[in-house]
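Report on the following structure.
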Amino acid sequence: MKCGRSRAERFFTSSRGRTCETCRKRNRSKAAHENRVVATYGLRRGEYDKLFKAQGGVCAICSQPRKQRLSVDHDHKTGLVRGLCCRMCNGKLLTSARDNPETLRAAADYLENPPALVILGERHFQGDDTQKPRRRKRRK
């Protein structure tokens with residue numbers, strides 16, 4: 001058996017190769033992803049996996065592992081591939097900052113030194129963060 005799974009005969013796609021349907025789909029999906037990465041970002045075969053392994057399988061920005069594949073992050077002006085990021089960091093954080101390092105530095109400074117703390121002193125939000133906002137009742 002190519003895939004190494006001990007399964008009933010009906011799970012295998014053919015008698016040749018002995019690869020089960022699950023493994024065949026996974027391999028086809030991996031090959032399609034690699035083909036797209038090669039065609040879109042100019043990476044060579046295996047370079048996505050090399051980056052992924054070098055980053056420890058986590059996002060280059062937030063260092064969190066993800067269930068979905070990491071996105072290839074690149075500079076839209078120069079085309080330079082920068083690394084692999086989760087969809088939140090690549091699609092929201094970098095996009096909203098317009099890839100501007102000064103904006104991201106200012107955001108980090110804001111979080112570390114909030115102006116309200118200096119101006120007003122310590123103030124704490126009294127509501128429960130887990131509560132959903134109240135909805136108005138609809139008039140009938």
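So you can find residues: chains in the structure tokens are A, B, ... in the order shown, residues in each start at 1, and ligands are numbered from 1 in order.
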What residues in chain A get the DSSP label alpha helix (DSSP H)? Please answer as a JSON list (two decimals) with N, CA and C atoms, in the first residue's frame.
```
[["chain", "number", "residue", "atom", "x", "y", "z"],
["A", 21, "GLU", "N", -8.38, 6.93, -1.60],
["A", 21, "GLU", "CA", -9.01, 8.15, -2.13],
["A", 21, "GLU", "C", -8.63, 9.39, -1.31],
["A", 22, "THR", "N", -8.59, 9.26, 0.01],
["A", 22, "THR", "CA", -8.25, 10.38, 0.89],
["A", 22, "THR", "C", -6.84, 10.89, 0.59],
["A", 23, "CYS", "N", -5.88, 9.98, 0.50],
["A", 23, "CYS", "CA", -4.49, 10.38, 0.22],
["A", 23, "CYS", "C", -4.35, 10.93, -1.19],
["A", 24, "ARG", "N", -5.07, 10.34, -2.14],
["A", 24, "ARG", "CA", -5.01, 10.83, -3.52],
["A", 24, "ARG", "C", -5.49, 12.27, -3.61],
["A", 25, "LYS", "N", -6.59, 12.59, -2.93],
["A", 25, "LYS", "CA", -7.12, 13.96, -2.94],
["A", 25, "LYS", "C", -6.15, 14.92, -2.26],
["A", 26, "ARG", "N", -5.57, 14.49, -1.13],
["A", 26, "ARG", "CA", -4.63, 15.33, -0.41],
["A", 26, "ARG", "C", -3.40, 15.64, -1.28],
["A", 27, "ASN", "N", -2.88, 14.62, -1.94],
["A", 27, "ASN", "CA", -1.70, 14.80, -2.79],
["A", 27, "ASN", "C", -2.03, 15.69, -3.99],
["A", 28, "ARG", "N", -3.21, 15.52, -4.56],
["A", 28, "ARG", "CA", -3.61, 16.35, -5.70],
["A", 28, "ARG", "C", -3.76, 17.81, -5.26],
["A", 29, "SER", "N", -4.34, 18.03, -4.07],
["A", 29, "SER", "CA", -4.51, 19.37, -3.55],
["A", 29, "SER", "C", -3.16, 20.04, -3.27],
["A", 30, "LYS", "N", -2.21, 19.28, -2.71],
["A", 30, "LYS", "CA", -0.88, 19.80, -2.42],
["A", 30, "LYS", "C", -0.17, 20.17, -3.72],
["A", 31, "ALA", "N", -0.30, 19.33, -4.73],
["A", 31, "ALA", "CA", 0.34, 19.60, -6.02],
["A", 31, "ALA", "C", -0.28, 20.84, -6.67],
["A", 32, "ALA", "N", -1.60, 20.99, -6.58],
["A", 32, "ALA", "CA", -2.27, 22.16, -7.16],
["A", 32, "ALA", "C", -1.82, 23.43, -6.45],
["A", 33, "HIS", "N", -1.67, 23.37, -5.12],
["A", 33, "HIS", "CA", -1.21, 24.53, -4.36],
["A", 33, "HIS", "C", 0.21, 24.89, -4.78],
["A", 34, "GLU", "N", 1.07, 23.89, -4.89],
["A", 34, "GLU", "CA", 2.46, 24.16, -5.27],
["A", 34, "GLU", "C", 2.52, 24.76, -6.68],
["A", 35, "ASN", "N", 1.73, 24.25, -7.60],
["A", 35, "ASN", "CA", 1.69, 24.79, -8.97],
["A", 35, "ASN", "C", 1.25, 26.25, -8.97],
["A", 36, "ARG", "N", 0.25, 26.57, -8.14],
["A", 36, "ARG", "CA", -0.24, 27.95, -8.07],
["A", 36, "ARG", "C", 0.81, 28.88, -7.47],
["A", 37, "VAL", "N", 1.50, 28.42, -6.42],
["A", 37, "VAL", "CA", 2.54, 29.23, -5.77],
["A", 37, "VAL", "C", 3.69, 29.48, -6.74],
["A", 38, "VAL", "N", 4.07, 28.46, -7.49],
["A", 38, "VAL", "CA", 5.16, 28.59, -8.48],
["A", 38, "VAL", "C", 4.76, 29.60, -9.56],
["A", 39, "ALA", "N", 3.54, 29.46, -10.08],
["A", 39, "ALA", "CA", 3.09, 30.33, -11.17],
["A", 39, "ALA", "C", 2.84, 31.77, -10.71],
["A", 40, "THR", "N", 2.30, 31.95, -9.52],
["A", 40, "THR", "CA", 1.91, 33.28, -9.05],
["A", 40, "THR", "C", 3.05, 34.07, -8.43],
["A", 41, "TYR", "N", 3.86, 33.42, -7.60],
["A", 41, "TYR", "CA", 4.86, 34.15, -6.83],
["A", 41, "TYR", "C", 6.29, 33.92, -7.29],
["A", 47, "GLU", "N", 10.02, 25.47, -2.33],
["A", 47, "GLU", "CA", 10.41, 26.65, -1.57],
["A", 47, "GLU", "C", 9.33, 27.08, -0.56],
["A", 48, "TYR", "N", 8.06, 26.87, -0.89],
["A", 48, "TYR", "CA", 7.00, 27.16, 0.07],
["A", 48, "TYR", "C", 7.22, 26.30, 1.31],
["A", 49, "ASP", "N", 7.45, 25.00, 1.10],
["A", 49, "ASP", "CA", 7.67, 24.08, 2.22],
["A", 49, "ASP", "C", 8.92, 24.44, 3.00],
["A", 50, "LYS", "N", 9.96, 24.90, 2.29],
["A", 50, "LYS", "CA", 11.20, 25.32, 2.95],
["A", 50, "LYS", "C", 10.95, 26.53, 3.86],
["A", 51, "LEU", "N", 10.20, 27.51, 3.36],
["A", 51, "LEU", "CA", 9.83, 28.68, 4.16],
["A", 51, "LEU", "C", 8.97, 28.27, 5.35],
["A", 52, "PHE", "N", 7.99, 27.42, 5.09],
["A", 52, "PHE", "CA", 7.08, 26.96, 6.14],
["A", 52, "PHE", "C", 7.87, 26.28, 7.27],
["A", 53, "LYS", "N", 8.79, 25.42, 6.90],
["A", 53, "LYS", "CA", 9.61, 24.72, 7.89],
["A", 53, "LYS", "C", 10.53, 25.69, 8.64],
["A", 54, "ALA", "N", 11.14, 26.63, 7.92],
["A", 54, "ALA", "CA", 12.04, 27.62, 8.54],
["A", 54, "ALA", "C", 11.29, 28.51, 9.53],
["A", 87, "ARG", "N", -3.97, 34.39, 7.33],
["A", 87, "ARG", "CA", -4.90, 35.25, 6.58],
["A", 87, "ARG", "C", -5.24, 36.52, 7.34],
["A", 88, "MET", "N", -5.28, 36.45, 8.66],
["A", 88, "MET", "CA", -5.59, 37.64, 9.46],
["A", 88, "MET", "C", -4.47, 38.68, 9.31],
["A", 94, "LEU", "N", -1.70, 43.82, 7.55],
["A", 94, "LEU", "CA", -0.82, 44.48, 6.57],
["A", 94, "LEU", "C", -1.63, 45.32, 5.58],
["A", 95, "THR", "N", -2.80, 44.83, 5.22],
["A", 95, "THR", "CA", -3.64, 45.56, 4.28],
["A", 95, "THR", "C", -4.13, 46.87, 4.87],
["A", 96, "SER", "N", -4.62, 46.84, 6.12],
["A", 96, "SER", "CA", -5.14, 48.07, 6.72],
["A", 96, "SER", "C", -4.01, 49.06, 7.01],
["A", 101, "PRO", "N", 5.49, 50.42, 7.30],
["A", 101, "PRO", "CA", 6.10, 50.07, 8.58],
["A", 101, "PRO", "C", 5.89, 51.16, 9.65],
["A", 102, "GLU", "N", 5.84, 52.41, 9.25],
["A", 102, "GLU", "CA", 5.64, 53.50, 10.23],
["A", 102, "GLU", "C", 4.26, 53.41, 10.88],
["A", 103, "THR", "N", 3.26, 53.02, 10.10],
["A", 103, "THR", "CA", 1.91, 52.85, 10.65],
["A", 103, "THR", "C", 1.90, 51.73, 11.68],
["A", 104, "LEU", "N", 2.59, 50.64, 11.36],
["A", 104, "LEU", "CA", 2.63, 49.51, 12.29],
["A", 104, "LEU", "C", 3.45, 49.84, 13.54],
["A", 105, "ARG", "N", 4.52, 50.61, 13.39],
["A", 105, "ARG", "CA", 5.30, 51.05, 14.55],
["A", 105, "ARG", "C", 4.46, 51.98, 15.44],
["A", 106, "ALA", "N", 3.70, 52.87, 14.80],
["A", 106, "ALA", "CA", 2.84, 53.78, 15.54],
["A", 106, "ALA", "C", 1.75, 53.00, 16.29],
["A", 107, "ALA", "N", 1.22, 51.96, 15.66],
["A", 107, "ALA", "CA", 0.20, 51.12, 16.32],
["A", 107, "ALA", "C", 0.80, 50.41, 17.53],
["A", 108, "ALA", "N", 2.01, 49.89, 17.39],
["A", 108, "ALA", "CA", 2.68, 49.23, 18.52],
["A", 108, "ALA", "C", 2.94, 50.23, 19.64],
["A", 109, "ASP", "N", 3.38, 51.43, 19.29],
["A", 109, "ASP", "CA", 3.64, 52.47, 20.29],
["A", 109, "ASP", "C", 2.34, 52.85, 21.00],
["A", 110, "TYR", "N", 1.26, 52.96, 20.24],
["A", 110, "TYR", "CA", -0.06, 53.27, 20.81],
["A", 110, "TYR", "C", -0.48, 52.22, 21.83],
["A", 111, "LEU", "N", -0.29, 50.95, 21.51],
["A", 111, "LEU", "CA", -0.68, 49.88, 22.43],
["A", 111, "LEU", "C", 0.19, 49.86, 23.69],
["A", 112, "GLU", "N", 1.48, 50.19, 23.53],
["A", 112, "GLU", "CA", 2.39, 50.18, 24.67],
["A", 112, "GLU", "C", 2.26, 51.44, 25.53],
["A", 115, "PRO", "N", -2.42, 57.07, 24.93],
["A", 115, "PRO", "CA", -2.50, 58.47, 25.33],
["A", 115, "PRO", "C", -3.52, 58.73, 26.45],
["A", 116, "ALA", "N", -4.59, 57.97, 26.51],
["A", 116, "ALA", "CA", -5.61, 58.17, 27.55],
["A", 116, "ALA", "C", -5.03, 57.92, 28.94],
["A", 117, "LEU", "N", -4.07, 57.02, 29.05],
["A", 117, "LEU", "CA", -3.45, 56.73, 30.33],
["A", 117, "LEU", "C", -2.69, 57.95, 30.86],
["A", 118, "VAL", "N", -2.00, 58.65, 29.97],
["A", 118, "VAL", "CA", -1.25, 59.85, 30.34],
["A", 118, "VAL", "C", -2.18, 61.02, 30.62],
["A", 119, "ILE", "N", -3.20, 61.18, 29.79],
["A", 119, "ILE", "CA", -4.09, 62.34, 29.89],
["A", 119, "ILE", "C", -5.12, 62.18, 31.01],
["A", 120, "LEU", "N", -5.75, 61.01, 31.12],
["A", 120, "LEU", "CA", -6.84, 60.80, 32.07],
["A", 120, "LEU", "C", -6.46, 59.97, 33.29]]
```
Atom pair atom CA of A:Leu70 / atom CA of A:Ala97: separation (Å):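 Atom-to-atom, atom CA of A:Leu70 and atom CA of A:Ala97 are spaced 19.4 Å apart.
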DSSP-assigned strand (DSSP E) members of stretch 37-124 of chain A, reported as number ranges by chain: A: 71-74, 81-85
Those residues with N, CA and C atoms, as an mmCIF file, in the first residue's frame please?
```
data_model
loop_
_atom_site.group_PDB
_atom_site.id
_atom_site.type_symbol
_atom_site.label_atom_id
_atom_site.label_comp_id
_atom_site.auth_asym_id
_atom_site.auth_seq_id
_atom_site.Cartn_x
_atom_site.Cartn_y
_atom_site.Cartn_z
ATOM 1 N N SER A 71 -0.536 32.131 3.880
ATOM 2 C CA SER A 71 -0.500 32.855 2.615
ATOM 3 C C SER A 71 0.920 33.318 2.320
ATOM 4 N N VAL A 72 1.261 33.361 1.042
ATOM 5 C CA VAL A 72 2.554 33.912 0.636
ATOM 6 C C VAL A 72 2.406 35.423 0.643
ATOM 7 N N ASP A 73 3.107 36.096 1.546
ATOM 8 C CA ASP A 73 3.051 37.554 1.635
ATOM 9 C C ASP A 73 4.118 38.130 0.720
ATOM 10 N N HIS A 74 3.736 39.170 -0.012
ATOM 11 C CA HIS A 74 4.688 39.813 -0.920
ATOM 12 C C HIS A 74 4.397 41.296 -1.006
ATOM 13 N N VAL A 81 8.886 38.561 -2.348
ATOM 14 C CA VAL A 81 8.252 37.633 -1.413
ATOM 15 C C VAL A 81 8.896 37.851 -0.054
ATOM 16 N N ARG A 82 8.051 38.109 0.970
ATOM 17 C CA ARG A 82 8.572 38.426 2.300
ATOM 18 C C ARG A 82 8.491 37.252 3.261
ATOM 19 N N GLY A 83 7.502 36.392 3.122
ATOM 20 C CA GLY A 83 7.357 35.259 4.024
ATOM 21 C C GLY A 83 5.952 34.707 3.967
ATOM 22 N N LEU A 84 5.614 33.861 4.934
ATOM 23 C CA LEU A 84 4.294 33.256 5.004
ATOM 24 C C LEU A 84 3.552 33.814 6.215
ATOM 25 N N CYS A 85 2.335 34.259 5.964
ATOM 26 C CA CYS A 85 1.524 34.861 7.028
ATOM 27 C C CYS A 85 0.145 34.222 7.051
#
```
Which of A:Cys89, A:Leu80, A:Gly46, A:Asp75 sits closest to A:Ile61 [using only C-alpha atoms]: A:Cys89
